[in-house]
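Asker: So here's target27.csv (CSV, C-alpha atoms).
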```
chain,number,residue,atom,x,y,z
B,103,MET,CA,-26.3,23.8,-13.5
B,104,ILE,CA,-22.7,24.5,-12.8
B,105,ASN,CA,-20.4,21.7,-14.0
B,106,ARG,CA,-19.2,19.6,-11.1
B,107,TYR,CA,-15.6,20.0,-12.3
B,108,SER,CA,-15.8,23.8,-12.8
B,109,ARG,CA,-13.4,24.7,-10.0
B,110,GLN,CA,-11.0,22.2,-11.4
B,111,THR,CA,-11.1,23.2,-15.0
B,112,ILE,CA,-10.5,26.9,-14.3
B,113,PHE,CA,-7.2,25.8,-12.7
B,114,PRO,CA,-4.6,26.4,-15.5
B,115,GLY,CA,-2.8,23.1,-14.9
B,116,ILE,CA,-5.9,21.1,-15.9
B,117,GLY,CA,-8.3,23.2,-17.9
B,118,GLU,CA,-11.1,21.7,-20.2
B,119,GLU,CA,-8.7,19.6,-22.2
B,120,GLY,CA,-7.1,18.2,-19.1
B,121,GLN,CA,-10.5,17.3,-17.6
B,122,LYS,CA,-11.3,15.4,-20.8
B,123,LYS,CA,-8.1,13.4,-20.4
B,124,LEU,CA,-9.1,12.6,-16.8
B,125,GLY,CA,-12.5,11.4,-17.9
B,126,LEU,CA,-10.8,9.0,-20.3
B,127,SER,CA,-8.3,7.7,-17.7
B,128,PHE,CA,-8.0,4.4,-15.8
B,129,ALA,CA,-6.5,4.5,-12.3
B,130,VAL,CA,-5.8,1.4,-10.1
B,131,VAL,CA,-5.7,2.0,-6.3
B,132,ILE,CA,-4.0,-1.0,-4.6
B,133,GLY,CA,-4.9,-1.0,-0.9
B,134,CYS,CA,-7.9,0.9,0.6
B,135,GLY,CA,-6.8,1.8,4.1
B,136,ALA,CA,-5.8,5.2,5.4
B,137,LEU,CA,-4.0,6.2,2.1
B,138,GLY,CA,-6.1,4.4,-0.4
B,139,SER,CA,-9.5,5.6,0.9
B,140,VAL,CA,-8.4,9.2,0.6
B,141,ILE,CA,-6.9,8.6,-2.8
B,142,ALA,CA,-9.9,6.8,-4.2
B,143,SER,CA,-12.3,9.5,-2.9
B,144,ALA,CA,-10.1,12.3,-4.4
B,145,LEU,CA,-9.8,10.6,-7.7
B,146,ALA,CA,-13.6,10.0,-7.9
B,147,ARG,CA,-14.3,13.6,-7.1
B,148,ALA,CA,-11.8,14.7,-9.7
B,149,GLY,CA,-13.6,12.8,-12.4
B,150,ILE,CA,-11.2,10.0,-13.3
B,151,GLY,CA,-13.3,8.0,-15.7
B,152,ARG,CA,-12.5,4.5,-14.4
B,153,ILE,CA,-11.2,3.6,-11.0
B,154,ARG,CA,-10.4,0.1,-9.7
B,155,VAL,CA,-9.9,-0.3,-5.9
B,156,VAL,CA,-8.2,-3.5,-4.8
B,157,ASP,CA,-8.1,-4.6,-1.1
B,158,ARG,CA,-8.1,-8.0,0.7
B,159,ASP,CA,-9.3,-6.8,4.2
B,160,PHE,CA,-12.6,-6.2,6.1
B,161,ILE,CA,-13.3,-3.0,8.0
B,162,GLU,CA,-12.6,-2.8,11.7
B,163,TYR,CA,-13.5,-0.1,14.3
B,164,HIS,CA,-9.9,1.1,14.6
B,165,ASN,CA,-9.9,1.8,10.9
B,166,LEU,CA,-12.5,4.5,11.2
B,167,GLN,CA,-10.0,6.9,12.9
B,168,ARG,CA,-8.3,7.5,9.6
B,169,GLN,CA,-10.0,5.6,6.7
B,170,ILE,CA,-12.5,8.2,5.4
B,171,LEU,CA,-14.6,6.1,3.1
B,172,PHE,CA,-16.0,3.9,5.9
B,173,ASP,CA,-18.5,4.2,8.7
B,174,GLU,CA,-20.0,2.1,11.5
B,175,GLU,CA,-22.7,0.7,9.2
B,176,ASP,CA,-20.1,-0.8,6.9
B,177,ILE,CA,-18.8,-2.7,9.9
B,178,LYS,CA,-22.2,-3.9,11.0
B,179,SER,CA,-22.8,-5.1,7.4
B,180,ASN,CA,-19.5,-7.0,7.6
B,181,LEU,CA,-18.4,-5.5,4.3
B,182,PRO,CA,-14.9,-5.9,2.7
B,183,LYS,CA,-13.2,-2.6,2.2
B,184,ALA,CA,-13.2,-2.8,-1.6
B,185,ILE,CA,-17.0,-3.4,-1.7
B,186,ALA,CA,-17.7,-0.6,0.8
B,187,ALA,CA,-15.4,1.7,-1.1
B,188,GLU,CA,-17.2,0.9,-4.4
B,189,ARG,CA,-20.6,1.7,-2.9
B,190,LYS,CA,-19.4,5.0,-1.4
B,191,LEU,CA,-17.6,6.1,-4.5
B,192,ARG,CA,-20.6,5.5,-6.7
B,193,LYS,CA,-22.6,7.9,-4.4
B,194,ILE,CA,-19.8,10.5,-4.7
B,195,ASN,CA,-19.7,10.3,-8.5
B,196,SER,CA,-22.3,8.3,-10.4
B,197,GLU,CA,-20.9,9.5,-13.8
B,198,ILE,CA,-17.7,7.4,-13.6
B,199,GLU,CA,-17.0,3.7,-13.6
B,200,ILE,CA,-16.1,2.2,-10.2
B,201,GLU,CA,-14.9,-1.4,-9.5
B,202,GLY,CA,-14.1,-2.8,-6.1
B,203,VAL,CA,-12.0,-6.0,-6.2
B,204,VAL,CA,-11.6,-8.1,-3.0
B,205,SER,CA,-8.3,-9.8,-3.5
B,206,ASP,CA,-4.9,-10.5,-2.0
B,207,VAL,CA,-2.5,-8.9,-4.5
B,208,ASN,CA,0.4,-11.3,-5.3
B,209,PHE,CA,2.7,-12.3,-8.2
B,210,THR,CA,0.0,-14.5,-9.8
B,211,ASN,CA,-2.6,-11.7,-10.3
B,212,ILE,CA,-1.0,-8.3,-10.1
B,213,GLU,CA,-0.4,-8.0,-13.9
B,214,LYS,CA,-4.1,-8.7,-14.6
B,215,LEU,CA,-5.2,-6.3,-12.0
B,216,VAL,CA,-3.2,-3.4,-13.4
B,217,GLU,CA,-3.7,-4.3,-17.1
B,218,GLY,CA,-4.5,-1.2,-19.2
B,219,ALA,CA,-4.1,1.2,-16.3
B,220,ASP,CA,-2.8,4.7,-16.9
B,221,VAL,CA,-1.5,5.1,-13.4
B,222,ILE,CA,-1.2,2.9,-10.3
B,223,LEU,CA,-1.5,4.4,-6.8
B,224,ASP,CA,-0.1,2.8,-3.7
B,225,GLY,CA,-2.5,2.7,-0.7
B,226,LEU,CA,-0.6,-0.2,1.0
B,227,ASP,CA,0.7,-0.9,4.5
B,228,ASN,CA,3.4,-3.4,3.5
B,229,THR,CA,6.6,-3.3,1.5
B,230,GLU,CA,6.1,-6.8,-0.1
B,231,THR,CA,3.3,-5.7,-2.4
B,232,ARG,CA,5.1,-2.5,-3.3
B,233,PHE,CA,7.9,-4.4,-4.8
B,234,LEU,CA,5.3,-6.3,-6.9
B,235,ILE,CA,3.7,-3.0,-8.0
B,236,ASN,CA,7.2,-1.8,-8.9
B,237,ASP,CA,7.9,-4.8,-11.1
B,238,ALA,CA,4.6,-4.8,-12.8
B,239,ALA,CA,4.7,-1.1,-13.5
B,240,LEU,CA,8.2,-1.2,-15.0
B,241,LYS,CA,7.4,-4.3,-17.0
B,242,HIS,CA,4.2,-2.8,-18.5
B,243,ASN,CA,5.4,0.9,-18.6
B,244,ILE,CA,2.8,2.2,-16.2
B,245,PRO,CA,3.6,5.2,-14.0
B,246,TRP,CA,2.9,4.6,-10.3
B,247,VAL,CA,3.0,6.7,-7.1
B,248,TYR,CA,4.4,5.3,-3.9
B,249,GLY,CA,3.2,6.5,-0.5
B,250,GLY,CA,3.7,5.4,3.0
B,251,ALA,CA,2.7,6.8,6.4
B,252,ILE,CA,3.4,5.8,10.0
B,253,SER,CA,3.0,7.6,13.4
B,254,SER,CA,3.1,11.3,12.5
B,255,SER,CA,5.2,11.0,9.3
B,256,GLY,CA,5.0,9.9,5.7
B,257,MET,CA,6.7,10.0,2.3
B,258,THR,CA,5.8,9.7,-1.3
B,259,MET,CA,7.7,9.2,-4.6
B,260,THR,CA,6.6,9.1,-8.2
B,261,VAL,CA,8.0,6.3,-10.5
B,262,ILE,CA,7.9,6.9,-14.2
B,263,PRO,CA,9.3,3.8,-16.0
B,264,GLN,CA,12.5,4.5,-18.0
B,265,GLN,CA,12.7,8.0,-16.6
B,266,THR,CA,13.0,8.1,-12.8
B,267,PRO,CA,14.5,5.9,-10.2
B,268,CYS,CA,12.3,3.0,-9.2
B,269,PHE,CA,11.3,1.7,-5.8
B,270,ARG,CA,14.1,-0.8,-5.7
B,271,CYS,CA,16.6,1.9,-6.5
B,272,ILE,CA,15.9,3.5,-3.1
B,273,THR,CA,16.2,0.2,-1.2
B,274,SER,CA,19.2,-1.9,-0.6
B,275,GLY,CA,19.6,-5.5,-1.8
B,276,HIS,CA,16.2,-7.2,-1.8
B,277,GLY,CA,14.5,-4.5,0.2
B,278,GLY,CA,14.8,-6.4,3.5
B,279,GLY,CA,17.1,-5.6,6.4
B,280,GLY,CA,15.7,-4.6,9.7
B,281,GLN,CA,12.2,-4.7,11.2
B,282,THR,CA,9.7,-2.2,9.8
B,283,LEU,CA,7.3,-0.4,12.0
B,284,THR,CA,3.6,-0.6,11.2
B,285,CYS,CA,0.5,1.3,12.3
B,286,ASP,CA,-0.3,-1.6,14.6
B,287,THR,CA,3.0,-1.3,16.4
B,288,ALA,CA,3.9,2.4,16.1
B,289,GLY,CA,0.4,4.0,15.8
B,290,VAL,CA,-0.6,6.7,13.4
B,291,ILE,CA,-2.5,10.0,13.5
B,292,ASN,CA,-4.8,10.7,10.6
B,293,PRO,CA,-3.3,13.9,9.2
B,294,ALA,CA,-0.1,12.0,8.2
B,295,PRO,CA,-1.7,9.5,5.7
B,296,GLY,CA,-4.2,12.2,4.7
B,297,ILE,CA,-1.5,14.6,3.5
B,298,VAL,CA,0.6,11.9,1.8
B,299,ALA,CA,-2.5,10.6,0.0
B,300,TYR,CA,-3.4,14.0,-1.3
B,301,LEU,CA,0.2,14.5,-2.5
B,302,GLN,CA,-0.1,11.1,-4.3
B,303,THR,CA,-3.4,12.2,-5.9
B,304,ALA,CA,-1.8,15.4,-7.1
B,305,GLU,CA,0.9,13.4,-8.8
B,306,ALA,CA,-1.7,11.1,-10.4
B,307,LEU,CA,-3.5,14.1,-11.8
B,308,LYS,CA,-0.3,15.5,-13.2
B,309,ILE,CA,0.6,12.2,-14.9
B,310,LEU,CA,-2.9,11.8,-16.4
B,311,VAL,CA,-3.1,15.3,-17.9
B,312,GLY,CA,0.5,15.1,-19.1
B,313,ALA,CA,1.9,17.9,-16.9
B,314,LYS,CA,5.6,18.7,-16.8
B,315,GLU,CA,5.7,19.4,-13.1
B,316,ILE,CA,5.9,15.7,-12.0
B,317,ASN,CA,7.8,15.2,-8.7
B,318,ARG,CA,11.1,13.4,-9.2
B,319,ASN,CA,12.2,13.4,-5.6
B,320,ILE,CA,11.2,11.7,-2.4
B,321,ILE,CA,9.0,14.0,-0.3
B,322,PHE,CA,9.0,13.5,3.4
B,323,ILE,CA,6.6,15.1,5.9
B,324,ASP,CA,6.2,15.0,9.7
B,325,VAL,CA,3.0,16.7,10.8
B,326,TRP,CA,4.0,16.6,14.5
B,327,ASP,CA,7.5,17.9,14.1
B,328,ASN,CA,6.5,20.4,11.4
B,329,ARG,CA,8.9,19.1,8.7
B,330,TYR,CA,8.6,19.0,5.0
B,331,GLN,CA,11.6,17.9,3.0
B,332,SER,CA,12.4,16.9,-0.5
B,333,TYR,CA,15.3,14.6,-1.3
B,334,LYS,CA,16.9,14.1,-4.7
B,335,VAL,CA,17.1,10.4,-5.7
B,336,SER,CA,19.1,8.7,-8.4
B,337,LYS,CA,18.9,5.4,-10.2
B,338,ARG,CA,20.9,2.7,-8.5
B,339,GLU,CA,23.5,1.0,-10.7
B,340,GLY,CA,22.6,-2.6,-11.1
B,341,CYS,CA,19.0,-2.2,-9.9
B,342,PRO,CA,17.4,-5.5,-11.0
B,343,ALA,CA,14.0,-4.0,-11.8
B,344,CYS,CA,15.4,-1.1,-13.9
B,345,ASN,CA,17.4,-3.8,-15.8
B,346,GLY,CA,14.4,-5.9,-16.6
B,347,ARG,CA,14.8,-8.6,-13.9
B,348,TYR,CA,11.4,-8.7,-12.2
B,349,GLU,CA,12.2,-11.1,-9.3
B,350,PHE,CA,9.2,-10.3,-7.2
B,351,LEU,CA,6.9,-10.6,-10.2
B,352,GLU,CA,8.4,-14.0,-11.0
B,353,GLY,CA,7.8,-15.2,-7.4
B,354,LYS,CA,11.5,-15.6,-6.8
B,355,ILE,CA,11.7,-13.3,-3.8
B,356,GLY,CA,9.2,-12.5,-1.1
B,357,ILE,CA,7.0,-14.0,1.6
B,358,LYS,CA,5.9,-17.6,1.1
B,359,THR,CA,3.2,-19.4,3.0
B,360,THR,CA,2.5,-23.1,3.6
B,361,THR,CA,-0.4,-24.7,5.4
B,362,LEU,CA,0.9,-27.2,8.0
B,363,CYS,CA,-1.0,-30.4,7.5
B,364,GLY,CA,-3.0,-31.4,10.6
B,365,GLN,CA,-1.8,-28.6,12.8
B,366,ASN,CA,-4.3,-25.8,12.0
B,367,ALA,CA,-1.3,-23.5,11.4
B,368,VAL,CA,0.4,-21.7,8.5
B,369,GLN,CA,4.2,-21.4,8.2
B,370,VAL,CA,5.5,-18.1,6.8
B,371,LEU,CA,8.9,-17.8,5.1
B,372,ASN,CA,10.4,-14.4,4.3
B,373,SER,CA,13.4,-14.7,1.9
B,374,ARG,CA,14.2,-11.0,2.5
B,375,ALA,CA,14.4,-11.2,6.3
B,376,SER,CA,17.6,-10.5,8.2
B,377,ARG,CA,18.2,-11.9,11.6
B,378,ILE,CA,15.5,-10.7,14.0
B,379,SER,CA,16.2,-9.0,17.3
B,380,PHE,CA,13.8,-10.5,19.8
B,381,ILE,CA,14.5,-7.7,22.2
B,382,ASP,CA,13.4,-5.1,19.7
B,383,LEU,CA,10.4,-7.2,18.7
B,384,ALA,CA,9.3,-7.6,22.3
B,385,LYS,CA,9.4,-3.8,22.9
B,386,ARG,CA,7.1,-3.3,19.9
B,387,LEU,CA,4.6,-6.1,20.6
B,388,LYS,CA,4.3,-6.1,24.5
B,389,PRO,CA,1.6,-3.4,24.4
B,390,LEU,CA,-0.4,-5.5,22.0
B,391,GLY,CA,-0.4,-8.9,23.6
B,392,GLN,CA,1.5,-11.6,25.6
B,393,VAL,CA,5.2,-11.9,24.8
B,394,SER,CA,7.7,-14.6,25.8
B,395,TYR,CA,11.0,-15.6,24.2
B,396,ASN,CA,14.4,-17.3,24.6
B,397,ASP,CA,17.4,-17.6,22.3
B,398,PHE,CA,15.6,-19.9,19.9
B,399,MET,CA,12.0,-18.7,19.4
B,400,PHE,CA,9.7,-15.8,20.2
B,401,THR,CA,6.0,-16.4,21.1
B,402,PHE,CA,3.4,-13.7,20.7
B,403,LYS,CA,-0.2,-14.3,21.8
B,404,PHE,CA,-3.0,-11.8,21.0
B,405,ASP,CA,-6.8,-12.1,20.8
B,406,SER,CA,-7.3,-15.8,19.8
B,407,GLN,CA,-4.1,-16.0,17.8
B,408,GLU,CA,-0.6,-17.2,18.6
B,409,MET,CA,2.5,-16.5,16.5
B,410,VAL,CA,5.8,-18.3,16.9
B,411,ILE,CA,8.8,-16.4,15.3
B,412,PHE,CA,12.3,-17.7,14.8
B,413,PRO,CA,15.5,-15.7,14.5
B,414,ASP,CA,15.8,-16.1,10.7
B,415,GLY,CA,12.4,-14.5,10.2
B,416,ARG,CA,10.4,-17.7,9.8
B,417,ALA,CA,7.1,-17.8,11.7
B,418,ILE,CA,4.3,-20.2,12.4
B,419,ILE,CA,0.8,-18.6,12.7
B,420,LYS,CA,-1.4,-20.9,14.8
B,421,ASN,CA,-5.2,-21.4,15.0
B,422,SER,CA,-5.7,-20.7,11.3
B,423,ASN,CA,-5.3,-22.5,7.9
B,424,ASP,CA,-5.9,-19.2,5.9
B,425,GLU,CA,-2.6,-18.4,4.2
B,426,VAL,CA,-3.7,-14.9,3.1
B,427,TYR,CA,-4.7,-14.1,6.7
B,428,ALA,CA,-1.4,-15.5,8.1
B,429,LYS,CA,0.6,-13.4,5.6
B,430,GLY,CA,-1.3,-10.3,6.6
B,431,LEU,CA,-0.6,-11.0,10.3
B,432,TYR,CA,3.1,-11.5,9.6
B,433,ALA,CA,3.3,-8.2,7.7
B,434,LYS,CA,1.3,-6.4,10.4
B,435,TYR,CA,3.3,-7.6,13.5
B,436,VAL,CA,6.7,-8.8,12.3
B,437,GLY,CA,6.9,-6.3,9.4
B,438,VAL,CA,10.2,-7.3,8.0
```
Just give me the structure of the file as structure tokens.
Answerer:
Amino acid sequence: MINRYSRQTIFPGIGEEGQKKLGLSFAVVIGCGALGSVIASALARAGIGRIRVVDRDFIEYHNLQRQILFDEEDIKSNLPKAIAAERKLRKINSEIEIEGVVSDVNFTNIEKLVEGADVILDGLDNTETRFLINDAALKHNIPWVYGGAISSSGMTMTVIPQQTPCFRCITSGHGGGGQTLTCDTAGVINPAPGIVAYLQTAEALKILVGAKEINRNIIFIDVWDNRYQSYKVSKREGCPACNGRYEFLEGKIGIKTTTLCGQNAVQVLNSRASRISFIDLAKRLKPLGQVSYNDFMFTFKFDSQEMVIFPDGRAIIKNSNDEVYAKGLYAKYVGV
């Protein structure tokens, strides 16, 4: 029988020795949505010896448009993404070790989740957790591959601790400033995250086999406007993470949540938020629900939820005491 990796091992960049290295490698994929599902599938097919997939969410019908590991049966079974991914990946490659972890990644658990990893891959849809990955990767000297996609565009960047600029180098201040579009507010077509995810996977393979051709730029693509660009990046002088100050990992910066006693609501505080433009927020959220606002607060009603947002970025998520769920809604709809 032809070896399952035969078409990969005849590629000079990998070869038999490279395939052995892949088989001994441990990759952690954080987030299993449009990016992470493609990445996890590609890594399993490439023969990465151990893969851990971490995700906090369940599968919804709108996910099926772009998240290739899932199908309608997973939704009917009410499966978390990480568990559904684990089951599918085992069917793809029974020779490797697959672990699905259902968890909200935060400063209390990320170091344990990436412990011993040879590479970390970003399959996320929020900036908050990317700063955590960046801190953990630099602290523990683990290469990681950033990726993001929205609408018809996307970008990726490889971070090699001590060698390349890090994720905080390419952001200003604490990484806040302005409202960030999300798939829920700007939409996304599936080629964009697919292409970015395969570029990320290529970087992971290069890292794991010890290739010299690792990308040291930010790559930007737009599949609708037919653009592919590569931008040189440099380390930012005074970057806290590059200088060993892991503020997100220490829980000093980021989104904080508090359950409001007796109110069936959760308050969300974002230390990185700049002043929010209610006019801009209304333009993004009107297609998704009922919007009303004045100079002092912004109310957004959707499905059975209600969110009250204040100019400083603070928000109250009503009709839930689940802090993880509230944090997810905040990242999805406010996105600062």
Asker: Take CA of Val247 (chain B) and CA of Pro293 (chain B) and report the distance between them in Å, one decimal.
Answerer: 18.9 Å
Asker: Can you pull out every residue within 9 Å of Cys341 (chain B), counting all atoms listed in the file, but drop anything in the same chain fewer than 6 positions away, and send it as a PyMOL selection string?
Answerer: chain B and resi 268+270-271+275+347
Asker: Using all atoms listed in the file, which residues sit within 7 Å of region 141-156 of chain B once same-chain residues fewer than 4 positions away are excluded, as a PyMOL selection string?
Answerer: chain B and resi 124-134+137+184+191+194-195+198-205+299-300+303
Asker: Measuring between all atoms listed in the file, which one of B:Asp397, B:Asp324, B:Glu408, B:Glu175 shows the shortest distance to Ser254 (chain B)?
Answerer: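 Smallest separation from Ser254 (chain B) among the options: B:Asp324.
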Asker: Just the number, please: distance in Å from CA of Phe322 (chain B) to CA of Gly256 (chain B), one decimal.
Answerer: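 These two atoms are separated by 5.9 Å.
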Asker: Which of these, B:Phe160, B:Phe269, B:Tyr107, B:Trp326, has the shortest distance to Arg338 (chain B) once you count only C-alpha atoms?
Answerer: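 Using only C-alpha atoms, the shortest distance to Arg338 (chain B) belongs to B:Phe269.
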Asker: Have a look at CA of Lys122 (chain B) and CA of Ile316 (chain B) and let me know their distance in Å, one decimal.
Answerer: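 Distance reported for this atom pair: 19.3 Å.
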Asker: Which residues, written as a ChimeraX atom specification, have at least one atom at most 8 Å from region 411-418 of chain B, with all atoms listed in the file counted and residues fewer than 5 positions away on the same chain left out?
Answerer: /B:367-372,375-380,398-401,432,438
Asker: Find the residue from B:Ala136, B:Leu234, B:Ile309, B:Ile291 that sits nearest to Asn211 (chain B); use all atoms listed in the file when measuring.
Answerer: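 Looking only at the distances to Asn211 (chain B), the closest residue turns out to be B:Leu234.
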Asker: When distances are computed from all atoms listed in the file, which of B:Met409, B:Val221, B:Val335, B:Ile381 shows the smallest separation from Gln302 (chain B)?
Answerer: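 Looking at the shortest contact to Gln302 (chain B), the residue is B:Val221.
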Asker: Could you check which of B:Lys183, B:Gly289, B:Pro267, B:Glu315 is closest to Pro389 (chain B), using only C-alpha atoms?
Answerer: B:Gly289
Asker: Using only C-alpha atoms, pick whichever of B:Thr287, B:Ala239, B:Glu174, B:Glu188 has the shortest atom-to-atom distance to Lys385 (chain B).
Answerer: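 Using only C-alpha atoms, Lys385 (chain B) sits closest to B:Thr287.
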